[in-house]
Amino acid sequence: MRVLVVEDERKTASFIRKALQAEGFAVDVCHNGQDALSAASATPFDGIVLDIMLPGRDGLSVLRQWRERNNATPVLLLSARGEVNERVEGLNAGADDYLPKPFALAELVARVRALTRRGGETKSPVLRVADLTLDTLTRRAQRGETGIELTAREYRLLEFLMRSAGRLCGRMTILEKVWDYDFDPGTNLVDVYIRRLREKIDADFDPKLLHTVRGVGYVLKDQP
Ligand code: CA
C-alpha cells in the first residue's frame with residue numbers, strides 16, 4: 001500500500017510519514033500542491049493524506065483537479081479545526097474522509113487504513129450505526145424513517161460519536177473534538193449534551209445505541 005502525504009509543515013509531515021511507515025505503508029511526502037499534482041500523476045497511490053492549508057495551491061483546489069482528471073484515489077483531508085463549511089466543501093470537492101487538526105496519530109492511521117481498504121469505491125457521505133443515519137452533506141439525522149432535529153452542537157457531537165462508532169470516547173476527547181476545548185472546564189457539559197442526544201436518538205427507539213462507560217465516557221454502537 002502506497003500513500004502520498006501532502007503537508008507543508010515538515011514536522012507534521014514527518015510524524016505522519018513515520019506513523020504510516022510503522023504500519024507497513026510505503027509513504028511519499030510532498031510539501032506543496034504543485035508537487036502533489038505531479039507526484040500523483042507519476043505514481044498510482046492507494047490513498048492520499050491532503051492538508052487543506054498549503055502554500056500556493058490549497059488542498060481543495062488540488063483535490064478538485066484530481067477529480068476533474070478522474071483520479072479516484074481515496075483522499076483524507078486534514079484541516080485546522082473542524083470548520084463545518086470547510087468540511088462540506090471538502091466532501092463536495094470529492095474527499096472521502098476528513099480529519100480536523102489536532103488529531104491523534106493513531107486515529108489518522110486508522111482512517112488511512114480504512115480508506116485504502118475501501119480502494120477506489122465511492123464512499124457515501126452518510127454515516128450509519130444500526131438504523132441511525134447521519135448525512136454529513138445535508139446534516140440530516142434519521143432513525144429508521146424518522147427525521148431527528150439537531151442543534152448545531154448536537155450535530156457535531158453526534159457526528160463525532162458516529163465517526164468513532166464502536167470506540168470509547170472519553171469526556172476530555174469529546175470536549176476537544178466537539179467544543180474545541182483543550183482544558184477541562186469542570187462542568188457536566190458533555191453529560192448534559194449526551195442526555196439531550198440520547199433523548200433524540202435513543203429514547204423512542206430500539207436498540208439503544210449510545211452507551212455510558214461509567215466514569216470514563218461514552219460509546220456509540222449497535223451491540224450493548
Ligand atoms: Ca498546512
# chains A, B, ... in the order shown; residues from 1 in each chain; ligands from 1

$ residues_near_ligand --ligand "ligand 1" --cutoff "7 Å" --atoms "only C-alpha atoms and all ligand atoms" --output "list in words"
Glu7, Asp8, Glu9, Asp51, Ile52, Met53 and Leu54 of chain A

$ select_by_dssp --residues "chain A" --states "strand (DSSP E or B)" --output "count of residues only"
51

$ residues_around --residues "Thr173 (chain A)" --least-positions-apart "6" --cutoff "10 Å" --atoms "only C-alpha atoms" --output "ChimeraX atom specification"
/A:179-182,217

$ write_last_selection --atoms "N, CA, C and O atoms" --output "PDB file, in the first residue's frame"
ATOM      1  N   TRP A 179     -16.130  20.699  21.269  1.00  0.00           N
ATOM      2  CA  TRP A 179     -16.171  22.079  21.783  1.00  0.00           C
ATOM      3  C   TRP A 179     -14.857  22.827  21.541  1.00  0.00           C
ATOM      4  O   TRP A 179     -14.731  23.984  21.894  1.00  0.00           O
ATOM      5  N   ASP A 180     -13.877  22.141  20.997  1.00  0.00           N
ATOM      6  CA  ASP A 180     -12.553  22.735  20.780  1.00  0.00           C
ATOM      7  C   ASP A 180     -11.884  23.182  22.080  1.00  0.00           C
ATOM      8  O   ASP A 180     -11.053  24.088  22.070  1.00  0.00           O
ATOM      9  N   TYR A 181     -12.273  22.592  23.202  1.00  0.00           N
ATOM     10  CA  TYR A 181     -11.607  22.908  24.463  1.00  0.00           C
ATOM     11  C   TYR A 181     -10.340  22.068  24.562  1.00  0.00           C
ATOM     12  O   TYR A 181     -10.353  20.893  24.217  1.00  0.00           O
ATOM     13  N   ASP A 182      -9.269  22.678  25.066  1.00  0.00           N
ATOM     14  CA  ASP A 182      -8.119  21.839  25.366  1.00  0.00           C
ATOM     15  C   ASP A 182      -7.867  21.838  26.874  1.00  0.00           C
ATOM     16  O   ASP A 182      -6.796  21.592  27.353  1.00  0.00           O
ATOM     17  N   GLY A 217     -16.547   7.614  29.853  1.00  0.00           N
ATOM     18  CA  GLY A 217     -17.084   8.341  28.702  1.00  0.00           C
ATOM     19  C   GLY A 217     -18.225   7.582  28.066  1.00  0.00           C
ATOM     20  O   GLY A 217     -19.014   6.932  28.754  1.00  0.00           O
TER      21      GLY A 217
END

$ atom_distance --atom1 "CA of Leu197 (chain A)" --atom2 "CA of Arg111 (chain A)"
25.3 Å

$ residues_around --residues "region 103-107 of chain A" --least-positions-apart "6" --cutoff "9 Å" --atoms "only C-alpha atoms" --output "list of chain:residue names"
A:Phe15, A:Ile16, A:Ala19, A:Leu20, A:Lys177

$ write_last_selection --atoms "N, CA, C and O atoms" --output "PDB file, in the first residue's frame"
ATOM      1  N   PHE A  15       6.027  13.292  11.154  1.00  0.00           N
ATOM      2  CA  PHE A  15       5.313  12.450  12.135  1.00  0.00           C
ATOM      3  C   PHE A  15       4.361  11.492  11.416  1.00  0.00           C
ATOM      4  O   PHE A  15       4.282  10.315  11.720  1.00  0.00           O
ATOM      5  N   ILE A  16       3.608  12.049  10.456  1.00  0.00           N
ATOM      6  CA  ILE A  16       2.626  11.237   9.736  1.00  0.00           C
ATOM      7  C   ILE A  16       3.336  10.136   8.946  1.00  0.00           C
ATOM      8  O   ILE A  16       2.940   8.977   8.968  1.00  0.00           O
ATOM      9  N   ALA A  19       4.539   7.412  11.293  1.00  0.00           N
ATOM     10  CA  ALA A  19       3.430   6.611  11.839  1.00  0.00           C
ATOM     11  C   ALA A  19       2.906   5.634  10.791  1.00  0.00           C
ATOM     12  O   ALA A  19       2.609   4.472  11.087  1.00  0.00           O
ATOM     13  N   LEU A  20       2.788   6.106   9.542  1.00  0.00           N
ATOM     14  CA  LEU A  20       2.262   5.233   8.485  1.00  0.00           C
ATOM     15  C   LEU A  20       3.283   4.162   8.104  1.00  0.00           C
ATOM     16  O   LEU A  20       2.921   3.001   7.879  1.00  0.00           O
ATOM     17  N   LYS A 177     -12.889  17.624  20.709  1.00  0.00           N
ATOM     18  CA  LYS A 177     -13.320  17.470  19.321  1.00  0.00           C
ATOM     19  C   LYS A 177     -14.601  18.228  19.017  1.00  0.00           C
ATOM     20  O   LYS A 177     -14.814  18.657  17.897  1.00  0.00           O
TER      21      LYS A 177
END

$ residues_around --residues "Leu150 (chain A)" --least-positions-apart "4" --cutoff "9 Å" --atoms "only C-alpha atoms" --output "PDB file with C-alpha atoms, in the first residue's frame"
ATOM      1  CA  ARG A 139     -26.731  17.375   8.046  1.00  0.00           C
ATOM      2  CA  ARG A 140     -29.921  15.339   8.378  1.00  0.00           C
ATOM      3  CA  ALA A 141     -30.183  12.698  11.037  1.00  0.00           C
ATOM      4  CA  GLU A 154     -25.757  18.205  18.892  1.00  0.00           C
ATOM      5  CA  TYR A 155     -24.971  17.553  15.251  1.00  0.00           C
ATOM      6  CA  LEU A 197     -28.838  13.482  22.259  1.00  0.00           C
ATOM      7  CA  LYS A 200     -33.492  12.340  20.490  1.00  0.00           C
TER       8      LYS A 200
END

$ residues_around --residues "region 205-214 of chain A" --least-positions-apart "6" --cutoff "8 Å" --atoms "only C-alpha atoms" --output "MDAnalysis selection string"
chainID A and resid 129 143 168 198 220:224

$ closest_residue --among "A:Arg128, A:Ala80, A:Asp97, A:Gly186" --to "Met172 (chain A)" --atoms "only C-alpha atoms"
A:Gly186

$ closest_residue --among "A:Val216, A:Leu137, A:Leu108, A:Ile201" --to "Leu91 (chain A)" --atoms "only C-alpha atoms"
A:Leu137

$ closest_residue --among "A:Thr151, A:Gly94, A:Val5, A:Pro100" --to "Arg67 (chain A)" --atoms "only C-alpha atoms"
A:Gly94

$ residues_around --residues "Met1 (chain A)" --least-positions-apart "6" --cutoff "10 Å" --atoms "only C-alpha atoms" --output "PDB file with N, CA and C atoms, in the first residue's frame"
ATOM      1  N   GLY A  24       3.446  -0.227   8.036  1.00  0.00           N
ATOM      2  CA  GLY A  24       3.714  -1.005   6.826  1.00  0.00           C
ATOM      3  C   GLY A  24       3.375  -0.310   5.512  1.00  0.00           C
ATOM      4  N   PHE A  25       2.975   0.969   5.585  1.00  0.00           N
ATOM      5  CA  PHE A  25       2.698   1.697   4.346  1.00  0.00           C
ATOM      6  C   PHE A  25       4.000   2.220   3.733  1.00  0.00           C
ATOM      7  N   ALA A  26       4.053   2.244   2.410  1.00  0.00           N
ATOM      8  CA  ALA A  26       5.112   2.986   1.732  1.00  0.00           C
ATOM      9  C   ALA A  26       4.611   4.420   1.619  1.00  0.00           C
ATOM     10  N   VAL A  27       5.440   5.391   1.973  1.00  0.00           N
ATOM     11  CA  VAL A  27       4.956   6.767   2.064  1.00  0.00           C
ATOM     12  C   VAL A  27       5.819   7.724   1.248  1.00  0.00           C
ATOM     13  N   PHE A  45      -1.248   5.895  -6.298  1.00  0.00           N
ATOM     14  CA  PHE A  45      -1.270   5.739  -4.839  1.00  0.00           C
ATOM     15  C   PHE A  45      -2.550   5.028  -4.422  1.00  0.00           C
ATOM     16  N   ASP A  46      -2.479   4.358  -3.281  1.00  0.00           N
ATOM     17  CA  ASP A  46      -3.673   3.699  -2.742  1.00  0.00           C
ATOM     18  C   ASP A  46      -4.476   4.643  -1.866  1.00  0.00           C
ATOM     19  N   GLY A  47      -3.835   5.735  -1.451  1.00  0.00           N
ATOM     20  CA  GLY A  47      -4.531   6.723  -0.638  1.00  0.00           C
ATOM     21  C   GLY A  47      -3.691   7.979  -0.539  1.00  0.00           C
ATOM     22  N   ARG A 113      -5.990   3.479   6.984  1.00  0.00           N
ATOM     23  CA  ARG A 113      -6.165   2.047   6.754  1.00  0.00           C
ATOM     24  C   ARG A 113      -7.562   1.771   6.180  1.00  0.00           C
ATOM     25  N   THR A 116      -7.717   3.074   2.484  1.00  0.00           N
ATOM     26  CA  THR A 116      -7.018   2.277   1.475  1.00  0.00           C
ATOM     27  C   THR A 116      -7.698   0.923   1.318  1.00  0.00           C
ATOM     28  N   ARG A 117      -8.328   0.441   2.367  1.00  0.00           N
ATOM     29  CA  ARG A 117      -9.054  -0.827   2.279  1.00  0.00           C
ATOM     30  C   ARG A 117     -10.252  -0.671   1.357  1.00  0.00           C
TER      31      ARG A 117
END

$ select_by_dssp --residues "region 78-196 of chain A" --states "alpha helix (DSSP H)" --output "ChimeraX atom specification"
/A:84-92,105-118,152-163,171-179,189-196

$ write_last_selection --atoms "C-alpha atoms" --output "short mmCIF file (atom, residue, chain, number, x, y, z; two decimals), in the first residue's frame"
data_model
loop_
_atom_site.label_atom_id
_atom_site.label_comp_id
_atom_site.auth_asym_id
_atom_site.auth_seq_id
_atom_site.Cartn_x
_atom_site.Cartn_y
_atom_site.Cartn_z
CA VAL A 84 -18.19 22.83 9.08
CA ASN A 85 -18.08 24.83 5.83
CA GLU A 86 -14.63 23.56 5.04
CA ARG A 87 -15.67 20.00 5.68
CA VAL A 88 -18.73 20.29 3.45
CA GLU A 89 -16.63 21.97 0.78
CA GLY A 90 -14.06 19.19 1.07
CA LEU A 91 -16.62 16.44 0.73
CA ASN A 92 -18.17 18.26 -2.22
CA LEU A 105 -1.72 9.81 15.02
CA ALA A 106 -3.44 6.54 15.88
CA GLU A 107 -6.69 7.95 14.54
CA LEU A 108 -5.04 9.14 11.35
CA VAL A 109 -3.50 5.72 10.79
CA ALA A 110 -6.86 4.02 11.39
CA ARG A 111 -8.56 6.37 8.90
CA VAL A 112 -5.87 5.78 6.28
CA ARG A 113 -6.16 2.05 6.75
CA ALA A 114 -9.95 2.22 6.28
CA LEU A 115 -9.52 4.50 3.28
CA THR A 116 -7.02 2.28 1.48
CA ARG A 117 -9.05 -0.83 2.28
CA ARG A 118 -12.06 0.77 0.61
CA ALA A 152 -25.53 22.63 15.57
CA ARG A 153 -23.71 21.38 18.66
CA GLU A 154 -25.76 18.20 18.89
CA TYR A 155 -24.97 17.55 15.25
CA ARG A 156 -21.27 17.96 15.88
CA LEU A 157 -21.42 15.66 18.88
CA LEU A 158 -23.37 13.01 17.01
CA GLU A 159 -21.08 13.21 14.00
CA PHE A 160 -18.04 12.75 16.21
CA LEU A 161 -19.61 9.78 18.00
CA MET A 162 -20.67 8.19 14.71
CA ARG A 163 -17.24 8.63 13.16
CA ARG A 171 -15.23 13.18 28.08
CA MET A 172 -11.99 15.09 27.52
CA THR A 173 -11.71 13.87 23.93
CA ILE A 174 -15.32 14.91 23.32
CA LEU A 175 -14.62 18.36 24.78
CA GLU A 176 -11.63 18.70 22.46
CA LYS A 177 -13.32 17.47 19.32
CA VAL A 178 -16.79 18.92 19.74
CA TRP A 179 -16.17 22.08 21.78
CA LEU A 189 -21.44 19.99 29.67
CA VAL A 190 -20.73 16.72 27.88
CA ASP A 191 -23.12 14.75 30.05
CA VAL A 192 -25.87 17.32 29.51
CA TYR A 193 -25.50 17.12 25.73
CA ILE A 194 -25.25 13.34 25.77
CA ARG A 195 -28.53 13.25 27.70
CA ARG A 196 -30.21 15.53 25.12
#

$ closest_residue --among "A:Pro102, A:Asn188, A:Ala165, A:Val75" --to "Leu132 (chain A)" --atoms "only C-alpha atoms"
A:Ala165

$ atom_distance --atom1 "CA of Pro74 (chain A)" --atom2 "CA of Ser41 (chain A)"
14.3 Å

$ atom_distance --atom1 "CA of Ala72 (chain A)" --atom2 "CA of His31 (chain A)"
21.1 Å

$ decode --residues "region 69-112 of chain A" --atoms "C-alpha atoms" --output "PDB file, in the first residue's frame"
ATOM      1  CA  ARG A  69      -8.862  14.302 -14.193  1.00  0.00           C
ATOM      2  CA  ASN A  70     -10.828  11.280 -12.965  1.00  0.00           C
ATOM      3  CA  ASN A  71      -8.207  10.380 -10.407  1.00  0.00           C
ATOM      4  CA  ALA A  72     -10.331   8.462  -7.875  1.00  0.00           C
ATOM      5  CA  THR A  73      -7.601   7.786  -5.305  1.00  0.00           C
ATOM      6  CA  PRO A  74      -9.221   7.968  -1.849  1.00  0.00           C
ATOM      7  CA  VAL A  75      -8.359  11.233  -0.110  1.00  0.00           C
ATOM      8  CA  LEU A  76      -8.298  12.024   3.599  1.00  0.00           C
ATOM      9  CA  LEU A  77      -8.405  15.807   4.090  1.00  0.00           C
ATOM     10  CA  LEU A  78      -6.688  17.435   7.037  1.00  0.00           C
ATOM     11  CA  SER A  79      -7.710  20.828   8.281  1.00  0.00           C
ATOM     12  CA  ALA A  80      -7.138  23.122  11.175  1.00  0.00           C
ATOM     13  CA  ARG A  81     -10.144  22.827  13.492  1.00  0.00           C
ATOM     14  CA  GLY A  82     -13.376  21.255  12.314  1.00  0.00           C
ATOM     15  CA  GLU A  83     -14.850  24.117  10.324  1.00  0.00           C
ATOM     16  CA  VAL A  84     -18.187  22.833   9.083  1.00  0.00           C
ATOM     17  CA  ASN A  85     -18.080  24.827   5.831  1.00  0.00           C
ATOM     18  CA  GLU A  86     -14.634  23.560   5.039  1.00  0.00           C
ATOM     19  CA  ARG A  87     -15.673  20.001   5.679  1.00  0.00           C
ATOM     20  CA  VAL A  88     -18.733  20.287   3.447  1.00  0.00           C
ATOM     21  CA  GLU A  89     -16.631  21.970   0.781  1.00  0.00           C
ATOM     22  CA  GLY A  90     -14.058  19.192   1.073  1.00  0.00           C
ATOM     23  CA  LEU A  91     -16.624  16.436   0.728  1.00  0.00           C
ATOM     24  CA  ASN A  92     -18.173  18.256  -2.222  1.00  0.00           C
ATOM     25  CA  ALA A  93     -14.760  18.538  -3.837  1.00  0.00           C
ATOM     26  CA  GLY A  94     -14.503  14.759  -3.671  1.00  0.00           C
ATOM     27  CA  ALA A  95     -12.768  13.975  -0.384  1.00  0.00           C
ATOM     28  CA  ASP A  96     -13.506  10.556   1.092  1.00  0.00           C
ATOM     29  CA  ASP A  97     -12.841  11.443   4.684  1.00  0.00           C
ATOM     30  CA  TYR A  98     -11.975  14.437   6.810  1.00  0.00           C
ATOM     31  CA  LEU A  99      -9.874  14.798   9.937  1.00  0.00           C
ATOM     32  CA  PRO A 100      -9.664  18.076  11.869  1.00  0.00           C
ATOM     33  CA  LYS A 101      -6.370  19.079  13.462  1.00  0.00           C
ATOM     34  CA  PRO A 102      -5.122  18.412  16.034  1.00  0.00           C
ATOM     35  CA  PHE A 103      -5.607  14.689  15.667  1.00  0.00           C
ATOM     36  CA  ALA A 104      -4.140  11.617  17.307  1.00  0.00           C
ATOM     37  CA  LEU A 105      -1.720   9.808  15.023  1.00  0.00           C
ATOM     38  CA  ALA A 106      -3.438   6.538  15.877  1.00  0.00           C
ATOM     39  CA  GLU A 107      -6.692   7.948  14.540  1.00  0.00           C
ATOM     40  CA  LEU A 108      -5.043   9.143  11.347  1.00  0.00           C
ATOM     41  CA  VAL A 109      -3.502   5.725  10.788  1.00  0.00           C
ATOM     42  CA  ALA A 110      -6.863   4.024  11.390  1.00  0.00           C
ATOM     43  CA  ARG A 111      -8.556   6.369   8.899  1.00  0.00           C
ATOM     44  CA  VAL A 112      -5.870   5.782   6.278  1.00  0.00           C
TER      45      VAL A 112
END
